[in-house]
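Q: Okay, so here is run-v6.txt, and as you'll see once you scroll down, it has compact mmCIF, C-alpha atoms.
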```txt
# COMPACT_ATOMS: atom_id res chain seq x y z
CA MET D 1466 -26.61 -3.76 58.37
CA LEU D 1467 -27.90 -0.23 57.90
CA PHE D 1468 -24.59 0.74 56.28
CA LEU D 1469 -24.99 -2.04 53.68
CA LEU D 1470 -28.52 -0.90 52.99
CA LEU D 1471 -27.38 2.71 52.52
CA LEU D 1472 -24.77 1.56 50.00
CA GLY D 1473 -26.89 -1.11 48.33
CA VAL D 1474 -29.95 0.96 47.41
CA PRO D 1475 -28.08 3.64 45.40
CA ALA D 1476 -25.90 0.96 43.82
CA TYR D 1477 -29.03 -0.89 42.70
CA PHE D 1478 -30.51 2.26 41.16
CA ILE D 1479 -27.28 3.05 39.31
CA TRP D 1480 -27.12 -0.52 37.96
CA ARG D 1481 -30.80 -0.42 37.01
CA HIS D 1482 -30.39 2.89 35.18
CA ARG D 1483 -27.52 1.51 33.09
CA SER D 1484 -29.27 -1.77 32.28
CA THR D 1485 -32.58 -0.29 31.16
CA SER D 1486 -33.14 1.22 27.78
CA LEU D 1487 -35.17 3.90 26.13
CA THR D 1488 -37.31 1.37 24.26
CA ARG D 1489 -40.02 0.69 26.80
CA ASP D 1490 -42.79 1.12 24.22
CA CYS D 1491 -40.88 -0.64 21.45
CA ARG D 1492 -41.39 -4.34 20.76
CA TRP D 1493 -38.43 -5.44 18.64
CA ARG D 1494 -38.79 -8.53 16.45
CA LEU D 1495 -35.99 -9.99 14.37
CA ASP D 1496 -36.84 -10.46 10.70
CA ARG D 1497 -34.26 -13.12 9.88
CA ALA D 1498 -35.10 -13.21 6.19
CA GLY D 1499 -34.48 -9.48 5.84
CA GLY D 1500 -31.72 -9.30 8.45
CA VAL D 1501 -33.32 -6.37 10.29
CA TRP D 1502 -34.91 -5.69 13.65
CA ARG D 1503 -38.44 -4.26 13.27
CA CYS D 1504 -40.50 -2.65 15.98
CA ALA D 1505 -44.12 -3.73 16.18
CA ALA D 1506 -45.09 -0.56 18.07
CA CYS D 1507 -43.39 2.31 16.23
CA GLY D 1508 -42.42 0.71 12.91
CA GLY D 1509 -38.72 1.47 13.28
CA ALA D 1510 -36.18 -0.78 11.58
CA LEU D 1511 -32.48 -1.31 12.24
CA PRO D 1512 -30.03 -3.71 10.59
CA GLU D 1513 -29.07 -6.77 12.58
CA SER D 1514 -25.76 -6.18 14.35
CA GLY D 1515 -25.35 -9.47 16.19
CA GLU D 1516 -25.64 -7.75 19.57
CA GLY D 1517 -29.28 -8.56 20.26
CA ALA D 1518 -32.32 -6.31 20.16
CA PRO D 1519 -31.71 -2.57 19.73
CA ARG D 1520 -31.72 -0.37 22.81
CA ILE D 1521 -32.62 2.86 21.03
CA CYS D 1522 -36.18 3.77 20.09
CA ARG D 1523 -36.40 4.70 16.42
CA LYS D 1524 -39.87 6.25 16.66
CA ASN D 1525 -38.69 9.73 15.70
CA HIS D 1526 -35.90 8.57 13.41
CA SER D 1527 -37.52 6.10 11.02
```
For the file at hand, write its structure as structure tokens.

A:
Amino acid sequence: MLFLLLLGVPAYFIWRHRSTSLTRDCRWRLDRAGGVWRCAACGGALPESGEGAPRICRKNHS
């Protein structure tokens, strides 16, 4: 049981690191009329790609 715990905890953190993004402060909203994702927090905008909300914060790039 301890062996599974020792393997499971690092595996969870690796999975969590890959599934989280750098957009914790961003609140992406899809503007369907314009076909762009807009962030309510930083004002960034990215074209809609069909893959869902962006995972990259555009705060310093917009």

Q: What does the distance between atom CA of Gly1515 of chain D and atom CA of Gly1500 of chain D come to in Å, to one decimal place?

A: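 Computing it gives 10.0 Å between the two atoms.
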
Q: Around the point (-48.4, 0.4, 18.3), in the coordinates given by the file, pick out the residues reaching within 12 Å, counting only C-alpha atoms, and return them as a short mmCIF file (atom, residue, chain, number, x, y, z; two decimals) with C-alpha atoms, keeping the file's coordinate frame.

A:
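As written to disk, result_17.cif reads:
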```cif
data_model
loop_
_atom_site.label_atom_id
_atom_site.label_comp_id
_atom_site.auth_asym_id
_atom_site.auth_seq_id
_atom_site.Cartn_x
_atom_site.Cartn_y
_atom_site.Cartn_z
CA ARG D 1489 -40.02 0.69 26.80
CA ASP D 1490 -42.79 1.12 24.22
CA CYS D 1491 -40.88 -0.64 21.45
CA ARG D 1492 -41.39 -4.34 20.76
CA TRP D 1493 -38.43 -5.44 18.64
CA CYS D 1504 -40.50 -2.65 15.98
CA ALA D 1505 -44.12 -3.73 16.18
CA ALA D 1506 -45.09 -0.56 18.07
CA CYS D 1507 -43.39 2.31 16.23
CA GLY D 1508 -42.42 0.71 12.91
CA GLY D 1509 -38.72 1.47 13.28
CA LYS D 1524 -39.87 6.25 16.66
#
```

Q: Grab the atom CA of Ala1518 of chain D to atom CA of Ala1476 of chain D distance for me, in Å with one decimal place.

A: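 Pair atom CA of Ala1518 of chain D / atom CA of Ala1476 of chain D returns 25.6 Å.
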
Q: Quick one: pull the distance between atom CA of His1482 of chain D and atom CA of Leu1469 of chain D, Å, one decimal.

A: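 According to the coordinates, atom CA of His1482 of chain D and atom CA of Leu1469 of chain D are separated by 19.9 Å.
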
Q: Please determine, counting only C-alpha atoms, which residue among D:Ala1510, D:Leu1471, D:Ile1521, D:Ile1479 has the shortest atom-to-atom distance to Arg1494 of chain D.

A: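 Going through D:Ala1510, D:Leu1471, D:Ile1521, D:Ile1479 one by one, the smallest distance to Arg1494 of chain D is for D:Ala1510.
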
Q: Which residues, protein or nucleic acid, reach to within 7 Å of (-31.9, -2.0, 10.3) in the file's coordinates when using only C-alpha atoms, and can you give that as an mmCIF file with C-alpha atoms, keeping the file's coordinate frame?

A:
```cif
data_model
loop_
_atom_site.group_PDB
_atom_site.id
_atom_site.type_symbol
_atom_site.label_atom_id
_atom_site.label_comp_id
_atom_site.auth_asym_id
_atom_site.auth_seq_id
_atom_site.Cartn_x
_atom_site.Cartn_y
_atom_site.Cartn_z
ATOM 1 C CA VAL D 1501 -33.320 -6.370 10.290
ATOM 2 C CA TRP D 1502 -34.910 -5.690 13.650
ATOM 3 C CA ALA D 1510 -36.180 -0.780 11.580
ATOM 4 C CA LEU D 1511 -32.480 -1.310 12.240
ATOM 5 C CA PRO D 1512 -30.030 -3.710 10.590
ATOM 6 C CA GLU D 1513 -29.070 -6.770 12.580
#
```
